[in-house]
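S.K.: Quick one: the structure is below, questions incoming.
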Amino acid sequence: MSPERFEADYLIETPVDPRRAAEVMAGEQSSGTFVSVPGETPELKARAAARIEALTELEAVDEPSLPGAIRPVGQGYRRARVTLSWPIANIGPSLPNLMATVAGNLSELQQFSGLRVLDVRLPAAFAAAYPGPKFGISGTRSLTGVMDRPLIGTIIKPSVGFSPEETAATVQVLAEAGIDFIKDDELQADGPACPFEDRVRAVMRVINAHADRTGKKVMFAFNLTDEVDAMRAKHDFVLAQGGTSVMASLNSVGLAGMIALGRHTQLPIHAHRNGWGYLSRAPLLGWSYIAWHKFWRLAGADHMHCNGLQNKFSESDDSVIASAKGCLTPLFDEKPCLTMPVFSSGQTAHQPAETFRRLGSMDLIYAAGGGILAHPDGPAAGVTSLREAWAAAMAGIPATEYAKTHPALKRALDPR
């Protein structure tokens, strides 16, 4: 790829010739329109038009994946992989305008009964323009003191309804159990029943006292999702109280909001992807995580959710592993922008072996709710069981074998 251009890969479905459809994509998202206009000279097209870099036809199908496309003539709906490129001079190294260019109006065009963004490749100018993760994997490990295994984490449940004092009492139990990481639920923000500042004060009193007593400071990601100025102020409040992480819901604050928070923050940003399903669940619409998460990493996300194996949602294990590997893959040679993947959703002592085998890395946050709090011997045993499950996985020992000499793991695997 030229340093003067950026690229995007797509999966398309179209009732017209796929090359013609790709030409419509390129025109729609650069210099062209549905009719020729004055000023659209050959010189301008050569300078500013998007180019079709690759096109590979795939299978044809009889029925459209999405409504609204023009009717096919004779060949059904044809699928293809397409790569387009644009000169960076069209937009400059701007993430919001990159998103408008590679996605924009494409999914609305009549020429398509399906269109999904699969990946993007960016020149080094984007690395220079954006902070990327300020903490990432190494900074998160340094703040938590966890260097040789995954971070064991959990989520405050019930998601809403607790007062600040009730939240702090739960944190007390989890801190004494030996937890590494805790986060607000994405639904717990700054409501009258649990105001943000009151919650931060109450929780940090517990965390700071526990750190003074034991030397271990639990990382708590406070949900500061809000308008930009409010997020900055909330970040500053968490920092002043001795907190070590904040959380933002990406689809709620938007790309510009995340960029603003990323430039301001002095704490790791735990990036929650709630709403991801409406961007991804239809196979021929929306985004691949491999493309989508690159925007947020550049904007400053230090941790990013990826679901987990055998999760409660609709995502396959293959997709989860591909997403997590994406977080651990450098974006640029000179600026890797590595982000710690977060495994969550139905995680227990049963999944670490397969997670480690498939991911090949211990650089992750392993967040379990019931896997900790519902352990038959209590939360401390729940945390211990997850550490033991990961120790077995990293040592290549079957969990059932390791459990013979580790009671907490044994009870987690077979609570009878």
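Residues are named by chain letter and number: chains run A, B, ... in the order of the structure tokens, numbers start at 1 in each chain, and ligands are numbered from 1 in the order shown.
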What's the 12 Å shell around range 102-109 of chain A, counting only C-alpha atoms, without same-chain residues fewer than 3 positions away, as a PyMOL selection string?

M.R.: chain A and resi 6-15+21-30+33-34+50+66-70+83-86+91+95-99+112-122+279+284-288+291-292+295

S.K.: For the strand (DSSP E or B) assignment from backbone DSSP, which residues of range 67-280 of chain A qualify? Please present them as number ranges by chain.

M.R.: A: 77-87, 114-121, 151-155, 181-183, 219-223, 245-249, 269-272

S.K.: Using the selection just defined, write its residues with N, CA and C atoms as a compact mmCIF listing (two decimals), in the first residue's frame.

M.R.:
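File result11.txt, as written:
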# COMPACT_ATOMS: atom_id res chain seq x y z
N TYR A 77 -28.14 -12.79 -7.23
CA TYR A 77 -27.38 -11.82 -6.46
C TYR A 77 -25.96 -12.36 -6.30
N ARG A 78 -25.02 -11.61 -6.79
CA ARG A 78 -23.63 -12.07 -6.85
C ARG A 78 -22.81 -11.44 -5.72
N ARG A 79 -21.96 -12.27 -5.12
CA ARG A 79 -21.12 -11.80 -4.03
C ARG A 79 -19.67 -11.68 -4.49
N ALA A 80 -18.95 -10.76 -3.84
CA ALA A 80 -17.54 -10.55 -4.20
C ALA A 80 -16.83 -9.88 -3.04
N ARG A 81 -15.52 -10.05 -3.01
CA ARG A 81 -14.66 -9.27 -2.12
C ARG A 81 -14.04 -8.17 -2.95
N VAL A 82 -14.06 -6.96 -2.42
CA VAL A 82 -13.58 -5.78 -3.15
C VAL A 82 -12.62 -5.01 -2.25
N THR A 83 -11.55 -4.51 -2.84
CA THR A 83 -10.66 -3.58 -2.14
C THR A 83 -10.65 -2.26 -2.89
N LEU A 84 -10.94 -1.18 -2.18
CA LEU A 84 -10.86 0.17 -2.73
C LEU A 84 -9.73 0.92 -2.03
N SER A 85 -9.17 1.88 -2.73
CA SER A 85 -8.19 2.78 -2.10
C SER A 85 -8.52 4.22 -2.45
N TRP A 86 -8.07 5.13 -1.57
CA TRP A 86 -8.30 6.55 -1.74
C TRP A 86 -7.00 7.30 -1.48
N PRO A 87 -6.79 8.43 -2.12
CA PRO A 87 -5.66 9.27 -1.75
C PRO A 87 -5.90 9.91 -0.40
N GLY A 114 -26.27 -6.24 -0.02
CA GLY A 114 -25.41 -6.54 1.12
C GLY A 114 -24.07 -5.85 0.94
N LEU A 115 -23.53 -5.27 2.04
CA LEU A 115 -22.22 -4.63 1.98
C LEU A 115 -21.68 -4.55 3.40
N ARG A 116 -20.49 -5.11 3.59
CA ARG A 116 -19.88 -5.16 4.93
C ARG A 116 -18.42 -4.73 4.84
N VAL A 117 -18.00 -3.85 5.75
CA VAL A 117 -16.60 -3.41 5.81
C VAL A 117 -15.81 -4.50 6.54
N LEU A 118 -14.81 -5.06 5.87
CA LEU A 118 -14.04 -6.17 6.44
C LEU A 118 -12.73 -5.73 7.10
N ASP A 119 -12.06 -4.74 6.53
CA ASP A 119 -10.77 -4.31 7.09
C ASP A 119 -10.41 -2.95 6.51
N VAL A 120 -9.51 -2.27 7.19
CA VAL A 120 -8.93 -1.02 6.68
C VAL A 120 -7.43 -1.08 6.90
N ARG A 121 -6.68 -0.45 6.01
CA ARG A 121 -5.23 -0.32 6.14
C ARG A 121 -4.87 1.14 5.97
N LEU A 151 -5.32 -10.78 33.71
CA LEU A 151 -5.99 -10.10 34.81
C LEU A 151 -7.34 -10.79 35.04
N ILE A 152 -7.65 -11.09 36.28
CA ILE A 152 -8.95 -11.66 36.62
C ILE A 152 -9.87 -10.52 37.03
N GLY A 153 -10.98 -10.40 36.34
CA GLY A 153 -11.86 -9.26 36.56
C GLY A 153 -13.31 -9.66 36.71
N THR A 154 -14.14 -8.68 37.05
CA THR A 154 -15.57 -8.92 37.18
C THR A 154 -16.32 -7.61 36.97
N ILE A 155 -17.64 -7.69 36.99
CA ILE A 155 -18.54 -6.57 36.74
C ILE A 155 -19.46 -6.44 37.94
N PHE A 181 -9.36 -6.65 38.77
CA PHE A 181 -10.03 -5.63 37.96
C PHE A 181 -11.53 -5.73 38.20
N ILE A 182 -12.18 -4.58 38.34
CA ILE A 182 -13.64 -4.50 38.45
C ILE A 182 -14.11 -3.37 37.54
N LYS A 183 -15.29 -3.51 36.98
CA LYS A 183 -15.84 -2.43 36.17
C LYS A 183 -17.29 -2.19 36.52
N MET A 219 -7.85 -2.35 40.16
CA MET A 219 -8.23 -1.40 39.10
C MET A 219 -9.74 -1.44 38.94
N PHE A 220 -10.39 -0.27 39.07
CA PHE A 220 -11.83 -0.16 38.88
C PHE A 220 -12.07 0.79 37.71
N ALA A 221 -12.80 0.33 36.69
CA ALA A 221 -13.14 1.15 35.53
C ALA A 221 -14.49 1.80 35.76
N PHE A 222 -14.47 3.08 36.11
CA PHE A 222 -15.70 3.84 36.37
C PHE A 222 -16.30 4.29 35.04
N ASN A 223 -17.60 4.04 34.89
CA ASN A 223 -18.29 4.39 33.64
C ASN A 223 -18.58 5.89 33.60
N SER A 245 -8.60 3.75 36.37
CA SER A 245 -9.20 3.45 35.06
C SER A 245 -10.55 4.12 34.93
N VAL A 246 -10.94 4.42 33.70
CA VAL A 246 -12.28 4.91 33.39
C VAL A 246 -12.83 4.08 32.23
N MET A 247 -14.14 4.08 32.10
CA MET A 247 -14.80 3.29 31.05
C MET A 247 -15.70 4.19 30.22
N ALA A 248 -15.73 3.95 28.92
CA ALA A 248 -16.63 4.67 28.02
C ALA A 248 -17.31 3.69 27.09
N SER A 249 -18.60 3.92 26.83
CA SER A 249 -19.36 3.13 25.86
C SER A 249 -19.16 3.75 24.48
N ILE A 269 -8.27 3.72 29.40
CA ILE A 269 -9.68 3.75 28.99
C ILE A 269 -10.14 2.33 28.69
N HIS A 270 -11.13 1.89 29.43
CA HIS A 270 -11.77 0.59 29.22
C HIS A 270 -12.91 0.84 28.24
N ALA A 271 -12.76 0.37 27.02
CA ALA A 271 -13.71 0.68 25.95
C ALA A 271 -14.75 -0.43 25.83
N HIS A 272 -16.00 -0.07 26.11
CA HIS A 272 -17.10 -1.04 26.05
C HIS A 272 -17.80 -0.92 24.70

S.K.: Would you mind telling me which residue in A:Gly254, A:Gly145, A:Pro150, A:Gly191 lies nearest to Pro352 in chain A when using only C-alpha atoms?

M.R.: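 Result for the nearest residue to Pro352 in chain A: A:Pro150.
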
S.K.: To one decimal in Å, tell me the separation between CA of Ala128 in chain A and CA of Pro93 in chain A.

M.R.: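 A separation of 8.6 Å between them.
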
S.K.: For Val383 in chain A, which residue out of A:Ala349, A:Val218, A:Ile88, A:Met304 is the nearest one, using only C-alpha atoms?

M.R.: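 Residue with the minimum atom-to-atom distance to Val383 in chain A: A:Ala349.
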
S.K.: Got a sec to tell me which of range 43-261 of chain A DSSP assigns to alpha helix (DSSP H), as a VMD selection string?

M.R.: chain A and resid 43 to 48 95 to 102 124 to 129 136 to 144 164 to 177 196 to 214 228 to 240 250 to 261
